[in-house]
Amino acid sequence: MNRNYIFLATLMILLAAGLLILPERHNYQQIKPEDLMWDIVQTQRYVTTDQVAQMIIEGDPTLELIDVRSAKEFESFSLTNTINIPLDSLMSPNYSDYLGIEDINVVFYSNDDIKADQAWVIAKRMGYNSLYVMDGGLNCWIKTIIKPIEPPETASLSEHDLYQFRKGASVYFTGAKIAAPDENNKASVKIVRRKKGAAVAGGC
Amino acid sequence: MGPLIPQGIITGQWDFVIALLIGAAFGFILEASGFSSSRNIVGVFYGYNFVVLRVFFTAMIVAMVGLLFFSYFGWIDLNLVFVLPTYVNAMLLGGFIMGLGFVIGGFCPGTSYTAVAIGKIDGMVFTVGTFIGVLIFSEAFPLFENFYTANNLGGITIGEMFSVTNEVVAFIFVLMAIVAFYVTWLIEKKVRKNMTEYKFE
Amino acid sequence: MNANSNMKNQPKYINPYFGGILLGILLLATFYLAGRGLSATGAVKLSVVTIMDKIAPVHTENNTFYSRFIPEDGSSPMFNWLVFAAIGTLFGGMLSGAIFGRLKKLRIEHSPKISARTRLIAAGIGGILFGIGSQFGRGCSSGAALSGTASLSLGGLIVMALMFGIGYVFAYFFRKLWI
């Protein structure tokens, strides 16, 4: 038999065997460092707790809240209809279905906004878009939505409006405590046109 | 990175130019390998000429291993590569009919084009036959519409079916192909000993 | 690996393994560029759809098979990657035939045991079977069996295994056509 054929056959087997023994490697789509730096210094990624509260109350279908705290913390308290993806498993393929859904805005939150910011950078580097961070995290949430402070009587009308909204939201989230969302509902997403013009703003 | 056209990296009418060039390369390789002759092709079924098996399996393992390496180095996103959806029932019937057509007609559609290109009338008749076949199929389609889409497994890969990784599948294919090359070489030698005259055109 | 020494009139073909490697690289390039494999019958299907759409547009609209290939924006189904690739195949074959001296006058290749007429009938039947089979199999030997299996599709493997397997099963009955 021709020696060249033996050589070619061996080469082909070695190449195929090479595929088997190669260490696992992930090829994430990453954004360029300059673009990432630019995005990091921007503040558009922050949404206020008021905006989040309004979206939850209105049942905004484009909102996807992701709790990046540990599962234990998530068990003890979380916002409604939240998906728990602990920060260290954000890159796990189990959760990749939750990111990068068309027309869905992902809002990360943690106790403060540091962990959520980290999650934002990681997800951004993985190439996802429409990512936001809840400004101030759950601490701010408690301070503004759950236990809002009444503004002094001399405060402007808009501040009183905001207080009224927060008061209402507080009742919504605490008094009329809805039943815990069941597991299956968490990931289900309905696409409906997003309502424009949120009237609320301000926060921590 | 790749694939380029589905990601819009190559756009406009350029993809048709590329299609033309790829088609031309395809035709050239088929003709140069001897696929414009039906007696050459059908030799695979009678043991006197295994050129089809050689070209086919070599191309398959090269492309398969290459694709996995491209994916490994991140040059191509396998999720964007079209994986032929699997309709078990229709594909079993289709494979059956095509196998019959193969051994009767001696061509497959791609090779019949190259036979047409070098002036073979049998290739032309075969090509016209494929048109008639598609016409018959389309006209009769309402009769077996349900069968056509029955048992749809979607874009399932061989690895997913047998729950092994793609790399293992490719390795097994390479080994099988090389064993097949060796065995068919032995068979061909034996069969050809008894054939003194075999004229190609 | 040269068993050809006792063959007369052996034409000049390239080494099949070399051809296979070239074809494999071409297939890989096609995957890289277009994200899909090679195809031959797609163009036939689109031509049939186009012709029938010209002859009987109402009929094609009612047929659920035709209608899925007619673009909704009113453009011609022929303006498609597959059609251009098929035209290219014809030119490529012609080029290779011209280079290796096989591009000659019209002729029919057949086994000395059968007449040219028998060969043409067999070719026609084979073509019709391939036309029908390729629609069931979602592609022919290049589209489903080669490209499908190379992209690790289970369907490609099914078509390939059946096609060659059935070929061997029936080879005995049609041996007169060839040897």
# chains A, B, ... in the order shown; residues from 1 in each chain; ligands from 1

call {"tool": "select_by_dssp", "arguments": {"residues": "range 17-150 of chain A", "states": "helix (DSSP H, G or I)", "output": "JSON, numbers by chain"}}
result
{"A": [17, 18, 19, 20, 21, 33, 34, 35, 36, 37, 38, 39, 40, 41, 49, 50, 51, 52, 53, 54, 55, 56, 57, 58, 71, 72, 73, 74, 75, 76, 87, 88, 89, 93, 94, 95, 96, 97, 98, 114, 115, 116, 117, 118, 119, 120, 121, 122, 123, 124, 125, 137, 138, 139, 140, 141, 142, 143, 144, 145, 146]}

call {"tool": "write_last_selection", "arguments": {"atoms": "C-alpha atoms", "output": "mmCIF file, in the first residue's frame"}}
result
data_model
loop_
_atom_site.group_PDB
_atom_site.id
_atom_site.type_symbol
_atom_site.label_atom_id
_atom_site.label_comp_id
_atom_site.auth_asym_id
_atom_site.auth_seq_id
_atom_site.Cartn_x
_atom_site.Cartn_y
_atom_site.Cartn_z
ATOM 1 C CA ALA A 17 -8.402 12.450 18.165
ATOM 2 C CA GLY A 18 -7.124 15.954 18.790
ATOM 3 C CA LEU A 19 -10.713 17.141 18.952
ATOM 4 C CA LEU A 20 -11.399 14.585 21.663
ATOM 5 C CA ILE A 21 -8.520 15.553 23.930
ATOM 6 C CA PRO A 33 -12.595 46.837 25.503
ATOM 7 C CA GLU A 34 -13.031 50.450 24.376
ATOM 8 C CA ASP A 35 -16.753 49.989 23.861
ATOM 9 C CA LEU A 36 -17.063 48.319 27.228
ATOM 10 C CA MET A 37 -15.176 51.140 28.956
ATOM 11 C CA TRP A 38 -17.437 53.650 27.291
ATOM 12 C CA ASP A 39 -20.528 51.776 28.384
ATOM 13 C CA ILE A 40 -19.256 51.435 31.945
ATOM 14 C CA VAL A 41 -18.845 55.162 32.459
ATOM 15 C CA THR A 49 -36.475 51.726 42.079
ATOM 16 C CA ASP A 50 -39.532 53.809 41.221
ATOM 17 C CA GLN A 51 -39.326 52.850 37.574
ATOM 18 C CA VAL A 52 -38.947 49.198 38.506
ATOM 19 C CA ALA A 53 -41.871 49.423 40.921
ATOM 20 C CA GLN A 54 -44.055 51.010 38.300
ATOM 21 C CA MET A 55 -43.147 48.385 35.750
ATOM 22 C CA ILE A 56 -43.904 45.583 38.188
ATOM 23 C CA ILE A 57 -47.247 47.109 39.152
ATOM 24 C CA GLU A 58 -48.213 47.651 35.541
ATOM 25 C CA ALA A 71 -29.986 31.460 46.499
ATOM 26 C CA LYS A 72 -30.288 31.702 50.301
ATOM 27 C CA GLU A 73 -30.772 35.452 50.237
ATOM 28 C CA PHE A 74 -33.165 35.040 47.370
ATOM 29 C CA GLU A 75 -35.268 32.615 49.417
ATOM 30 C CA SER A 76 -35.592 35.007 52.315
ATOM 31 C CA LEU A 87 -23.479 36.080 40.321
ATOM 32 C CA ASP A 88 -21.011 33.185 40.200
ATOM 33 C CA SER A 89 -23.260 31.114 37.960
ATOM 34 C CA PRO A 93 -25.168 27.620 30.250
ATOM 35 C CA ASN A 94 -28.203 26.685 32.391
ATOM 36 C CA TYR A 95 -29.119 30.330 32.587
ATOM 37 C CA SER A 96 -28.189 31.482 29.113
ATOM 38 C CA ASP A 97 -31.838 31.155 28.051
ATOM 39 C CA TYR A 98 -32.765 34.042 30.288
ATOM 40 C CA ILE A 114 -22.155 46.617 43.346
ATOM 41 C CA LYS A 115 -22.936 42.962 42.623
ATOM 42 C CA ALA A 116 -25.554 43.963 40.098
ATOM 43 C CA ASP A 117 -23.006 46.181 38.407
ATOM 44 C CA GLN A 118 -20.598 43.261 38.217
ATOM 45 C CA ALA A 119 -23.313 41.101 36.699
ATOM 46 C CA TRP A 120 -23.980 43.857 34.211
ATOM 47 C CA VAL A 121 -20.321 43.955 33.122
ATOM 48 C CA ILE A 122 -20.128 40.169 32.810
ATOM 49 C CA ALA A 123 -23.314 39.920 30.779
ATOM 50 C CA LYS A 124 -22.191 42.838 28.643
ATOM 51 C CA ARG A 125 -18.905 41.094 27.940
ATOM 52 C CA GLY A 137 -30.401 47.774 44.908
ATOM 53 C CA LEU A 138 -32.748 46.328 47.497
ATOM 54 C CA ASN A 139 -31.525 48.699 50.185
ATOM 55 C CA CYS A 140 -32.798 51.579 48.159
ATOM 56 C CA TRP A 141 -35.920 49.602 47.390
ATOM 57 C CA ILE A 142 -36.731 49.298 51.100
ATOM 58 C CA LYS A 143 -35.932 52.941 51.703
ATOM 59 C CA THR A 144 -37.964 54.335 48.840
ATOM 60 C CA ILE A 145 -40.723 51.875 48.046
ATOM 61 C CA ILE A 146 -41.409 49.867 51.180
#

call {"tool": "residues_around", "arguments": {"residues": "range 51-55 of chain B", "least_positions_apart": "5", "cutoff": "10 Å", "atoms": "only C-alpha atoms", "output": "JSON, numbers by chain"}}
result
{"B": [29, 30, 33, 34, 35, 40, 41, 42, 43, 44, 45, 60, 177, 178, 180, 181, 184, 185], "C": [15, 16, 17, 18, 19, 20, 21, 22, 23, 24, 164]}

call {"tool": "interface_residues", "arguments": {"of": "chain B", "to": "chain A", "cutoff": "10 Å", "atoms": "only C-alpha atoms", "output": "ChimeraX atom specification"}}
result
/B:1,58,61-62,64-66,68-69,71-77,165-175,177-179,181-182,185

call {"tool": "write_last_selection", "arguments": {"atoms": "N, CA and C atoms", "output": "tab-separated table (two decimals), in the first residue's frame"}}
result
chain	number	residue	atom	x	y	z
B	1	MET	N	-17.41	35.42	14.39
B	1	MET	CA	-16.89	35.37	13.02
B	1	MET	C	-17.91	34.74	12.08
B	58	THR	N	-14.29	10.97	2.21
B	58	THR	CA	-13.19	11.89	2.52
B	58	THR	C	-13.73	13.29	2.73
B	61	ILE	N	-15.57	13.55	6.17
B	61	ILE	CA	-14.78	13.61	7.41
B	61	ILE	C	-13.94	14.89	7.45
B	62	VAL	N	-13.46	15.33	6.29
B	62	VAL	CA	-12.69	16.58	6.29
B	62	VAL	C	-13.58	17.74	6.73
B	64	MET	N	-16.38	17.61	8.42
B	64	MET	CA	-16.88	17.43	9.78
B	64	MET	C	-15.81	17.82	10.81
B	65	VAL	N	-14.61	17.28	10.64
B	65	VAL	CA	-13.53	17.61	11.57
B	65	VAL	C	-13.17	19.09	11.45
B	66	GLY	N	-13.15	19.59	10.22
B	66	GLY	CA	-12.85	21.00	10.02
B	66	GLY	C	-13.85	21.90	10.71
B	68	LEU	N	-15.67	21.25	13.31
B	68	LEU	CA	-15.51	21.21	14.76
B	68	LEU	C	-14.28	22.01	15.19
B	69	PHE	N	-13.21	21.95	14.39
B	69	PHE	CA	-12.04	22.77	14.72
B	69	PHE	C	-12.37	24.26	14.58
B	71	SER	N	-15.18	25.62	14.98
B	71	SER	CA	-16.01	25.98	16.12
B	71	SER	C	-15.16	26.13	17.36
B	72	TYR	N	-14.18	25.23	17.52
B	72	TYR	CA	-13.33	25.26	18.71
B	72	TYR	C	-12.55	26.57	18.76
B	73	PHE	N	-12.04	27.00	17.63
B	73	PHE	CA	-11.25	28.23	17.63
B	73	PHE	C	-12.13	29.48	17.56
B	74	GLY	N	-13.43	29.26	17.56
B	74	GLY	CA	-14.33	30.41	17.57
B	74	GLY	C	-14.45	31.11	16.24
B	75	TRP	N	-14.10	30.42	15.15
B	75	TRP	CA	-14.20	31.06	13.83
B	75	TRP	C	-15.60	30.93	13.26
B	76	ILE	N	-16.34	29.97	13.77
B	76	ILE	CA	-17.69	29.78	13.24
B	76	ILE	C	-18.61	29.45	14.40
B	77	ASP	N	-19.80	29.99	14.33
B	77	ASP	CA	-20.78	29.73	15.38
B	77	ASP	C	-21.68	28.59	14.91
B	165	THR	N	-20.79	13.42	22.54
B	165	THR	CA	-20.44	14.74	22.02
B	165	THR	C	-20.18	14.66	20.52
B	166	ASN	N	-20.22	15.82	19.88
B	166	ASN	CA	-19.95	15.88	18.44
B	166	ASN	C	-18.57	15.36	18.11
B	167	GLU	N	-17.61	15.62	19.01
B	167	GLU	CA	-16.23	15.21	18.76
B	167	GLU	C	-16.13	13.69	18.67
B	168	VAL	N	-16.86	13.01	19.55
B	168	VAL	CA	-16.84	11.54	19.53
B	168	VAL	C	-17.45	11.05	18.22
B	169	VAL	N	-18.54	11.67	17.80
B	169	VAL	CA	-19.18	11.28	16.54
B	169	VAL	C	-18.19	11.42	15.39
B	170	ALA	N	-17.49	12.57	15.36
B	170	ALA	CA	-16.55	12.80	14.27
B	170	ALA	C	-15.44	11.77	14.29
B	171	PHE	N	-14.95	11.45	15.48
B	171	PHE	CA	-13.86	10.46	15.59
B	171	PHE	C	-14.31	9.11	15.06
B	172	ILE	N	-15.53	8.71	15.44
B	172	ILE	CA	-16.05	7.42	14.97
B	172	ILE	C	-16.19	7.42	13.45
B	173	PHE	N	-16.68	8.54	12.90
B	173	PHE	CA	-16.82	8.63	11.44
B	173	PHE	C	-15.47	8.49	10.76
B	174	VAL	N	-14.45	9.16	11.31
B	174	VAL	CA	-13.12	9.10	10.70
B	174	VAL	C	-12.63	7.66	10.70
B	175	LEU	N	-12.76	6.98	11.83
B	175	LEU	CA	-12.30	5.59	11.91
B	175	LEU	C	-13.06	4.72	10.92
B	177	ALA	N	-14.58	5.60	8.21
B	177	ALA	CA	-14.23	5.94	6.83
B	177	ALA	C	-12.92	5.28	6.44
B	178	ILE	N	-11.93	5.31	7.34
B	178	ILE	CA	-10.62	4.76	6.98
B	178	ILE	C	-10.68	3.25	6.84
B	179	VAL	N	-11.45	2.62	7.72
B	179	VAL	CA	-11.65	1.17	7.58
B	179	VAL	C	-12.33	0.87	6.24
B	181	PHE	N	-12.22	2.65	3.52
B	181	PHE	CA	-11.28	2.85	2.43
B	181	PHE	C	-10.42	1.61	2.21
B	182	TYR	N	-9.96	1.04	3.32
B	182	TYR	CA	-9.08	-0.12	3.22
B	182	TYR	C	-9.83	-1.33	2.68
B	185	TRP	N	-10.71	-1.04	-0.94
B	185	TRP	CA	-9.52	-1.18	-1.78
B	185	TRP	C	-9.25	-2.66	-2.06

call {"tool": "closest_residue", "arguments": {"among": "C:Arg175, C:His59, C:Lys45, C:Arg36", "to": "Lys113 in chain C", "atoms": "only C-alpha atoms"}}
result
C:Arg175

call {"tool": "residues_around", "arguments": {"residues": "Gly110 in chain B", "least_positions_apart": "4", "cutoff": "9 Å", "atoms": "only C-alpha atoms", "output": "mmCIF file with C-alpha atoms, in the first residue's frame"}}
result
data_model
loop_
_atom_site.group_PDB
_atom_site.id
_atom_site.type_symbol
_atom_site.label_atom_id
_atom_site.label_comp_id
_atom_site.auth_asym_id
_atom_site.auth_seq_id
_atom_site.Cartn_x
_atom_site.Cartn_y
_atom_site.Cartn_z
ATOM 1 C CA PHE B 26 -18.361 21.994 -6.755
ATOM 2 C CA GLY B 27 -18.937 21.126 -10.406
ATOM 3 C CA LEU B 30 -17.205 16.400 -9.156
ATOM 4 C CA THR B 114 -21.592 17.763 -14.621
ATOM 5 C CA SER C 39 -27.235 21.481 -2.643
ATOM 6 C CA ALA C 40 -28.253 20.331 -6.074
ATOM 7 C CA THR C 41 -31.980 19.594 -6.033
ATOM 8 C CA ALA C 86 -26.511 25.088 -9.599
ATOM 9 C CA THR C 89 -22.003 23.655 -10.997
ATOM 10 C CA CYS C 140 -30.405 14.787 -2.337
ATOM 11 C CA SER C 141 -27.047 13.126 -1.976
ATOM 12 C CA SER C 142 -25.213 16.450 -1.799
#

call {"tool": "atom_distance", "arguments": {"atom1": "CA of Asp122 in chain B", "atom2": "CA of Gly97 in chain C"}}
result
16.2 Å
